[in-house]
Structure formats: structure tokens, C-alpha cells
>>> print(open('run_34.cif').read())   # mmCIF, C-alpha atoms
data_model
#
loop_
_atom_site.group_PDB
_atom_site.id
_atom_site.type_symbol
_atom_site.label_atom_id
_atom_site.label_comp_id
_atom_site.auth_asym_id
_atom_site.auth_seq_id
_atom_site.Cartn_x
_atom_site.Cartn_y
_atom_site.Cartn_z
ATOM 1 C CA ILE A 1490 100.731 154.562 235.157
ATOM 2 C CA TYR A 1491 104.045 154.539 233.281
ATOM 3 C CA GLU A 1492 104.658 153.050 229.830
ATOM 4 C CA ARG A 1493 107.878 153.535 227.895
ATOM 5 C CA TYR A 1494 110.591 151.459 226.196
ATOM 6 C CA GLY A 1495 108.756 148.186 226.792
ATOM 7 C CA LEU A 1496 108.285 148.811 230.523
ATOM 8 C CA SER A 1497 104.772 149.155 231.881
ATOM 9 C CA ALA A 1498 104.045 149.993 235.538
ATOM 10 C CA ARG A 1499 100.767 150.662 237.331
ATOM 11 C CA LEU A 1500 100.350 151.594 240.982
ATOM 12 C CA SER A 1501 96.767 151.851 242.200
ATOM 13 C CA TRP A 1502 94.943 152.664 245.420
ATOM 14 C CA ASN A 1503 91.473 151.178 245.955
ATOM 15 C CA ASP A 1504 89.274 152.323 248.810
ATOM 16 C CA ARG A 1505 85.685 152.054 249.927
ATOM 17 C CA SER A 1506 83.799 154.065 252.513
ATOM 18 C CA SER A 1507 82.123 152.486 255.532
ATOM 19 C CA PHE A 1508 78.730 150.892 254.946
ATOM 20 C CA ARG A 1509 75.831 149.380 256.895
ATOM 21 C CA VAL A 1510 75.853 145.582 256.644
ATOM 22 C CA THR A 1511 72.598 144.927 258.490
ATOM 23 C CA GLN A 1512 69.949 146.614 260.601
ATOM 24 C CA GLN A 1513 67.377 144.756 262.707
ATOM 25 C CA PHE A 1514 64.590 146.076 264.921
ATOM 26 C CA ARG A 1515 64.408 143.989 268.123
ATOM 27 C CA GLY A 1516 61.669 145.329 270.363
ATOM 28 C CA ASP A 1517 63.200 148.415 271.980
ATOM 29 C CA ASP A 1518 66.599 147.949 270.286
ATOM 30 C CA ILE A 1519 67.979 148.729 266.847
ATOM 31 C CA TYR A 1520 70.805 146.270 266.165
ATOM 32 C CA GLN A 1521 73.225 147.438 263.469
ATOM 33 C CA GLU A 1522 76.420 146.165 261.886
ATOM 34 C CA PHE A 1523 78.835 148.346 259.932
ATOM 35 C CA GLY A 1524 81.667 147.332 257.598
ATOM 36 C CA GLN A 1525 84.907 149.298 257.843
ATOM 37 C CA PRO A 1526 87.003 148.345 254.794
ATOM 38 C CA ALA A 1527 90.656 149.306 254.550
ATOM 39 C CA GLY A 1528 92.314 150.719 251.454
ATOM 40 C CA TRP A 1529 94.412 148.502 249.196
ATOM 41 C CA MET A 1530 97.505 149.373 247.199
ATOM 42 C CA ASP A 1531 98.368 147.215 244.178
ATOM 43 C CA LEU A 1532 101.380 147.217 241.846
ATOM 44 C CA SER A 1533 101.603 145.712 238.367
ATOM 45 C CA LEU A 1534 104.807 145.607 236.296
ATOM 46 C CA SER A 1535 105.638 144.137 232.894
ATOM 47 C CA TYR A 1536 108.569 144.310 230.511
ATOM 48 C CA ILE A 1537 108.508 143.334 226.831
ATOM 49 C CA VAL A 1538 111.807 141.541 226.250
ATOM 50 C CA ASN A 1539 111.064 140.940 222.565
ATOM 51 C CA PRO A 1540 107.895 140.575 220.429
ATOM 52 C CA ARG A 1541 107.490 136.962 221.653
ATOM 53 C CA LEU A 1542 108.364 137.268 225.363
ATOM 54 C CA THR A 1543 107.006 139.468 228.181
ATOM 55 C CA ILE A 1544 107.980 139.203 231.857
ATOM 56 C CA PHE A 1545 105.413 140.386 234.430
ATOM 57 C CA GLY A 1546 104.803 140.712 238.145
ATOM 58 C CA ASP A 1547 101.802 141.669 240.259
ATOM 59 C CA TRP A 1548 101.662 142.537 243.953
ATOM 60 C CA THR A 1549 98.215 142.956 245.538
ATOM 61 C CA ASN A 1550 97.347 144.432 248.933
ATOM 62 C CA ILE A 1551 100.822 145.848 249.547
ATOM 63 C CA THR A 1552 99.594 147.700 252.647
ATOM 64 C CA GLN A 1553 97.960 144.508 254.062
ATOM 65 C CA GLY A 1554 94.715 146.298 254.887
ATOM 66 C CA LYS A 1555 92.271 144.770 257.358
ATOM 67 C CA PHE A 1556 88.484 144.648 257.020
ATOM 68 C CA ARG A 1557 86.666 145.313 260.301
ATOM 69 C CA GLN A 1558 82.992 144.775 261.064
ATOM 70 C CA ASP A 1559 81.445 146.471 264.112
ATOM 71 C CA LEU A 1560 78.097 145.965 265.804
ATOM 72 C CA SER A 1561 76.018 148.461 267.752
ATOM 73 C CA SER A 1562 73.213 147.573 270.167
ATOM 74 C CA ALA A 1563 71.253 148.975 273.142
ATOM 75 C CA ARG A 1564 68.999 146.354 274.691
ATOM 76 C CA ASN A 1565 66.474 146.905 277.495
ATOM 77 C CA GLY A 1566 67.164 150.634 277.787
ATOM 78 C CA ALA A 1567 70.922 150.252 278.242
ATOM 79 C CA PRO A 1568 73.153 152.874 276.654
ATOM 80 C CA ARG A 1569 74.192 152.127 273.078
ATOM 81 C CA ALA A 1570 77.365 150.045 272.970
ATOM 82 C CA ASP A 1571 79.687 149.467 270.021
ATOM 83 C CA PHE A 1572 81.779 146.308 269.648
ATOM 84 C CA VAL A 1573 84.180 144.899 267.081
ATOM 85 C CA ARG A 1574 82.451 141.831 265.623
ATOM 86 C CA PHE A 1575 85.424 140.559 263.610
ATOM 87 C CA ILE A 1576 88.601 141.627 261.850
ATOM 88 C CA ARG A 1577 89.569 139.949 258.582
ATOM 89 C CA HIS A 1578 93.229 140.039 257.579
ATOM 90 C CA ASP A 1579 93.243 139.991 253.773
ATOM 91 C CA GLU A 1580 96.325 138.399 252.279
ATOM 92 C CA SER A 1581 98.983 140.127 250.268
ATOM 93 C CA THR A 1582 99.868 138.177 247.114
ATOM 94 C CA LEU A 1583 102.860 138.318 244.812
ATOM 95 C CA SER A 1584 102.880 136.663 241.393
ATOM 96 C CA LEU A 1585 105.616 136.528 238.770
ATOM 97 C CA GLY A 1586 105.518 135.038 235.298
ATOM 98 C CA MET A 1587 106.321 135.086 231.614
ATOM 99 C CA ARG A 1588 104.037 135.373 228.594
ATOM 100 C CA PHE A 1589 104.990 133.714 225.327
ATOM 101 C CA ASN A 1590 103.630 134.442 221.858
ATOM 102 C CA PHE A 1591 104.126 131.332 219.657
ATOM 103 C CA GLY A 1592 102.805 132.786 216.427
ATOM 104 C CA ILE A 1593 101.427 135.741 214.589
#
>>> encode(input="run_34.cif", output="C-alpha cells")
Amino acid sequence: IYERYGLSARLSWNDRSSFRVTQQFRGDDIYQEFGQPAGWMDLSLSYIVNPRLTIFGDWTNITQGKFRQDLSSARNGAPRADFVRFIRHDESTLSLGMRFNFGI
């Protein structure tokens, strides 16, 4: 975080550890799914031009992290096998704008 002379900047890293999405008992098998989230980096900037006008910009998911979900299963005595169930490509967004203050 940086704030000085009307400029404000914030760079943040958000992360989450892996987690179990589901677990099912199917006869002789334990079916499991695990989420593997990726970290995100975000940037937020703003500049106060004067008391009535502020210019800002936000950039989310700079690193374009991907969320992956895996499944694990071992049916009918087969060795446990792990597979990628899906990969979600989360978008990176950029927004720019101005804030106006019309009165006190």
C-alpha cells in the first residue's frame, strides 16, 4: 500500500490452499474431488486531481491464475488413479474511471 500526494496504490496477493470438494463412498471405492485454486494478484490505483475529481484504475487477476479440480478413484480393487476433472481459466479484468463530487 502506498498513499502520498494524492496518489494511492495497492498491490495484493490472494491465495487459498487446496481443499476437498466432495467425498463419496461407493462400495469398495472412496471417490474424492479436490480443488486446486491458483493465487491472484490485484492492483488498484487512484489519483486525486482536485477535491472534486479522482481518477482510478483496477486490474484484477494480473497473473491469470487457473482453478483446477481433480478427482481420485479406485473402483473394483484397481489402483487409485488421479485425473484432472476440469480447469477453469478465470478472466483478468481492467477497469478505468473517474469519480466526481458535485457538492459538499
>>> closest_residue(input="run_34.cif", among="A:Arg1493, A:Arg1588, A:Arg1499, A:Arg1574", to="Phe1545 (chain A)", atoms="all atoms listed in the file")
A:Arg1588
>>> resolve_selection(input="run_34.cif", expression="the PyMOL selection byres ((chain A and resi 1503-1507) around 10)", output="tab-separated table (two decimals) with C-alpha atoms, in the coordinates of the input")
chain	number	residue	atom	x	y	z
A	1501	SER	CA	96.77	151.85	242.20
A	1502	TRP	CA	94.94	152.66	245.42
A	1508	PHE	CA	78.73	150.89	254.95
A	1509	ARG	CA	75.83	149.38	256.90
A	1510	VAL	CA	75.85	145.58	256.64
A	1523	PHE	CA	78.83	148.35	259.93
A	1524	GLY	CA	81.67	147.33	257.60
A	1525	GLN	CA	84.91	149.30	257.84
A	1526	PRO	CA	87.00	148.34	254.79
A	1527	ALA	CA	90.66	149.31	254.55
A	1528	GLY	CA	92.31	150.72	251.45
A	1529	TRP	CA	94.41	148.50	249.20
A	1530	MET	CA	97.50	149.37	247.20
A	1531	ASP	CA	98.37	147.22	244.18
A	1550	ASN	CA	97.35	144.43	248.93
A	1557	ARG	CA	86.67	145.31	260.30
A	1558	GLN	CA	82.99	144.78	261.06
>>> resolve_selection(input="run_34.cif", expression="the PyMOL selection byres ((chain A and resi 1543) around 12)", output="list in words")
Gly1495, Leu1496, Ser1497, Leu1534, Ser1535, Tyr1536, Ile1537, Val1538, Asn1539, Pro1540, Arg1541, Leu1542, Ile1544, Phe1545, Gly1546, Leu1585, Gly1586, Met1587, Arg1588, Phe1589 and Asn1590 of chain A
>>> write_last_selection(input="run_34.cif", atoms="C-alpha atoms", output="PDB file, in the frame of the given file")
ATOM      1  CA  GLY A1495     108.756 148.186 226.792  1.00  0.00           C
ATOM      2  CA  LEU A1496     108.285 148.811 230.523  1.00  0.00           C
ATOM      3  CA  SER A1497     104.772 149.155 231.881  1.00  0.00           C
ATOM      4  CA  LEU A1534     104.807 145.607 236.296  1.00  0.00           C
ATOM      5  CA  SER A1535     105.638 144.137 232.894  1.00  0.00           C
ATOM      6  CA  TYR A1536     108.569 144.310 230.511  1.00  0.00           C
ATOM      7  CA  ILE A1537     108.508 143.334 226.831  1.00  0.00           C
ATOM      8  CA  VAL A1538     111.807 141.541 226.250  1.00  0.00           C
ATOM      9  CA  ASN A1539     111.064 140.940 222.565  1.00  0.00           C
ATOM     10  CA  PRO A1540     107.895 140.575 220.429  1.00  0.00           C
ATOM     11  CA  ARG A1541     107.490 136.962 221.653  1.00  0.00           C
ATOM     12  CA  LEU A1542     108.364 137.268 225.363  1.00  0.00           C
ATOM     13  CA  ILE A1544     107.980 139.203 231.857  1.00  0.00           C
ATOM     14  CA  PHE A1545     105.413 140.386 234.430  1.00  0.00           C
ATOM     15  CA  GLY A1546     104.803 140.712 238.145  1.00  0.00           C
ATOM     16  CA  LEU A1585     105.616 136.528 238.770  1.00  0.00           C
ATOM     17  CA  GLY A1586     105.518 135.038 235.298  1.00  0.00           C
ATOM     18  CA  MET A1587     106.321 135.086 231.614  1.00  0.00           C
ATOM     19  CA  ARG A1588     104.037 135.373 228.594  1.00  0.00           C
ATOM     20  CA  PHE A1589     104.990 133.714 225.327  1.00  0.00           C
ATOM     21  CA  ASN A1590     103.630 134.442 221.858  1.00  0.00           C
TER      22      ASN A1590
END
>>> atom_distance(input="run_34.cif", atom1="CA of Ser1562 (chain A)", atom2="CA of Glu1522 (chain A)")
9.0 Å
>>> atom_distance(input="run_34.cif", atom1="CA of Phe1572 (chain A)", atom2="CA of Gln1521 (chain A)")
10.6 Å
>>> closest_residue(input="run_34.cif", among="A:Phe1591, A:Asp1518, A:Phe1575, A:Glu1580", to="Ser1561 (chain A)", atoms="all atoms listed in the file")
A:Asp1518
>>> closest_residue(input="run_34.cif", among="A:Gly1592, A:Ser1533, A:Asn1565, A:Val1573", to="Trp1548 (chain A)", atoms="all atoms listed in the file")
A:Ser1533
>>> atom_distance(input="run_34.cif", atom1="CA of Tyr1491 (chain A)", atom2="CA of Lys1555 (chain A)")
28.5 Å
